[in-house]
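For reference, the structure is listed below as structure tokens.
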Amino acid sequence: MPRPTARWPAYLRIPPFVPVPLRHRRDGWSAVRQGEFIGWLAQTGSVSEAAARVGASRESVYRLRWRAGAAWFAAAWDFAVMAPDRDDIPAFPKLTGWALVAAAHEGLVRVRMRGGRYVGCSLRPSDSALLRLLAQMDRASPDPRGGQWGGAR
């Protein structure tokens, strides 16, 4: 039975997550469909009901959760089923490696909740991930001035 809808405090918004990397299929798990599932899961508290609302089976959702590269999806799932009145907030994995590139290029899934109800989701590239990638590239490249910044000593 679904849990009653409770009002989520502002600090408990579902953090944006990197979608599970999959090949593109018309009937498959797109990034937006993954976000819709997380939104309905947060509202209903039931995996079966949330899967039915996005047109998927419960088994398909669990297979998606256990795929390689699904750490952020699993963290969003854990965050969504957490009771709003709990004090311990689950940790989200840090964006590194391919996930940082995916967040900068393809985007993060943002789930929007209002008053404990799912209202929509969007996929938007992350500016902060792009800036982190640029900073990494900047640190990795040699100094074009020959290392003499600030004048001669």
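In the structure tokens, the first chain shown is A, the next is B, and so on; residue numbers restart at 1 for each chain, and ligands run from 1 in the order shown.
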What are the closest atom pairs, with distances in Å to one decimal, for each residue of range 43-82 of chain A lying within 12 Å of range 110-130 of chain A, using only C-alpha atoms, rows by chain and rising residue number, as CSV?
residue,atom,partner,partner_atom,distance
A:Gln43,CA,A:Arg117,CA,5.4
A:Thr44,CA,A:Arg117,CA,8.7
A:Gly45,CA,A:Gly116,CA,11.1
A:Ala50,CA,A:Tyr118,CA,10.9
A:Arg53,CA,A:Tyr118,CA,11.7
A:Phe73,CA,A:Arg110,CA,11.6
A:Ala76,CA,A:Val111,CA,9.6
A:Trp77,CA,A:Val111,CA,11.4
A:Phe79,CA,A:Val111,CA,11.7
A:Ala80,CA,A:Val111,CA,10.1
| said: For Ala31 in chain A, find every residue with an atom within 9 Å (counting only C-alpha atoms), except residues of its own chain fewer than 4 positions away, and show them as JSON, numbers by chain. | reply: {"A": [18, 19, 20, 21, 22, 35, 36, 108, 109, 122, 123]}
Closest of A:Ala56, A:Val81, A:Ala104, A:Ala51 to Ile14 in chain A, counting only C-alpha atoms, is A:Val81
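Put simply, CA of Leu64 in chain A is 8.3 Å away from CA of Trp29 in chain A.
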Could you pull out the helix (DSSP H, G or I) residues of range 26-149 of chain A, going by DSSP on the backbone, and write them as a PDB file with C-alpha atoms, in the first residue's frame?
ATOM      1  CA  ALA A  31      16.931   9.653 -19.276  1.00  0.00           C
ATOM      2  CA  VAL A  32      13.602  11.446 -18.898  1.00  0.00           C
ATOM      3  CA  ARG A  33      11.763   8.161 -18.312  1.00  0.00           C
ATOM      4  CA  GLN A  34      14.263   7.333 -15.546  1.00  0.00           C
ATOM      5  CA  GLY A  35      13.524  10.720 -13.975  1.00  0.00           C
ATOM      6  CA  GLU A  36       9.778  10.151 -14.267  1.00  0.00           C
ATOM      7  CA  PHE A  37      10.139   6.835 -12.469  1.00  0.00           C
ATOM      8  CA  ILE A  38      12.098   8.465  -9.624  1.00  0.00           C
ATOM      9  CA  GLY A  39       9.464  11.216  -9.353  1.00  0.00           C
ATOM     10  CA  TRP A  40       6.556   8.791  -9.184  1.00  0.00           C
ATOM     11  CA  LEU A  41       8.522   6.638  -6.730  1.00  0.00           C
ATOM     12  CA  ALA A  42       9.004   9.644  -4.454  1.00  0.00           C
ATOM     13  CA  GLN A  43       5.298  10.439  -4.599  1.00  0.00           C
ATOM     14  CA  THR A  44       3.869   6.938  -4.212  1.00  0.00           C
ATOM     15  CA  VAL A  47       8.145   0.553  -6.916  1.00  0.00           C
ATOM     16  CA  SER A  48       5.331  -1.377  -8.623  1.00  0.00           C
ATOM     17  CA  GLU A  49       3.038   1.642  -8.894  1.00  0.00           C
ATOM     18  CA  ALA A  50       5.812   3.972 -10.076  1.00  0.00           C
ATOM     19  CA  ALA A  51       6.880   1.427 -12.707  1.00  0.00           C
ATOM     20  CA  ALA A  52       3.297   1.057 -13.905  1.00  0.00           C
ATOM     21  CA  ARG A  53       2.939   4.845 -14.236  1.00  0.00           C
ATOM     22  CA  ARG A  58       8.836  -3.961 -11.702  1.00  0.00           C
ATOM     23  CA  GLU A  59      11.471  -6.436 -12.914  1.00  0.00           C
ATOM     24  CA  SER A  60      12.657  -4.036 -15.632  1.00  0.00           C
ATOM     25  CA  VAL A  61      13.151  -1.294 -13.054  1.00  0.00           C
ATOM     26  CA  TYR A  62      15.182  -3.549 -10.766  1.00  0.00           C
ATOM     27  CA  ARG A  63      17.331  -4.696 -13.724  1.00  0.00           C
ATOM     28  CA  LEU A  64      17.994  -1.030 -14.511  1.00  0.00           C
ATOM     29  CA  ARG A  65      18.973  -0.348 -10.898  1.00  0.00           C
ATOM     30  CA  ALA A  71      25.082   4.259  -8.944  1.00  0.00           C
ATOM     31  CA  TRP A  72      23.484   7.706  -9.320  1.00  0.00           C
ATOM     32  CA  PHE A  73      20.113   6.241 -10.320  1.00  0.00           C
ATOM     33  CA  ALA A  74      20.273   3.905  -7.295  1.00  0.00           C
ATOM     34  CA  ALA A  75      21.177   6.824  -5.011  1.00  0.00           C
ATOM     35  CA  ALA A  76      18.223   8.848  -6.350  1.00  0.00           C
ATOM     36  CA  TRP A  77      16.009   5.792  -5.803  1.00  0.00           C
ATOM     37  CA  ASP A  78      17.186   5.476  -2.187  1.00  0.00           C
ATOM     38  CA  PHE A  79      16.609   9.189  -1.658  1.00  0.00           C
ATOM     39  CA  ALA A  80      13.102   8.979  -3.183  1.00  0.00           C
ATOM     40  CA  VAL A  81      11.894   6.142  -0.943  1.00  0.00           C
ATOM     41  CA  TRP A  98      32.697   9.220 -17.370  1.00  0.00           C
ATOM     42  CA  ALA A  99      29.853  10.477 -15.154  1.00  0.00           C
ATOM     43  CA  LEU A 100      31.381  13.966 -15.062  1.00  0.00           C
ATOM     44  CA  VAL A 101      31.641  13.973 -18.857  1.00  0.00           C
ATOM     45  CA  ALA A 102      28.068  12.690 -19.172  1.00  0.00           C
ATOM     46  CA  ALA A 103      26.792  15.376 -16.785  1.00  0.00           C
ATOM     47  CA  ALA A 104      28.542  18.111 -18.773  1.00  0.00           C
ATOM     48  CA  HIS A 105      27.597  16.813 -22.209  1.00  0.00           C
ATOM     49  CA  ASP A 127      27.463  23.987 -15.999  1.00  0.00           C
ATOM     50  CA  SER A 128      29.421  23.079 -12.871  1.00  0.00           C
ATOM     51  CA  ALA A 129      30.438  19.725 -14.397  1.00  0.00           C
ATOM     52  CA  LEU A 130      31.625  21.531 -17.516  1.00  0.00           C
ATOM     53  CA  LEU A 131      33.664  23.991 -15.433  1.00  0.00           C
ATOM     54  CA  ARG A 132      35.218  21.099 -13.494  1.00  0.00           C
ATOM     55  CA  LEU A 133      36.215  19.430 -16.768  1.00  0.00           C
ATOM     56  CA  LEU A 134      37.737  22.667 -18.036  1.00  0.00           C
ATOM     57  CA  ALA A 135      39.669  23.085 -14.781  1.00  0.00           C
ATOM     58  CA  GLN A 136      41.002  19.521 -15.094  1.00  0.00           C
ATOM     59  CA  MET A 137      42.109  20.205 -18.664  1.00  0.00           C
ATOM     60  CA  ASP A 138      43.727  23.470 -17.572  1.00  0.00           C
ATOM     61  CA  ARG A 139      45.707  21.738 -14.821  1.00  0.00           C
ATOM     62  CA  ALA A 140      46.797  18.994 -17.224  1.00  0.00           C
TER      63      ALA A 140
END
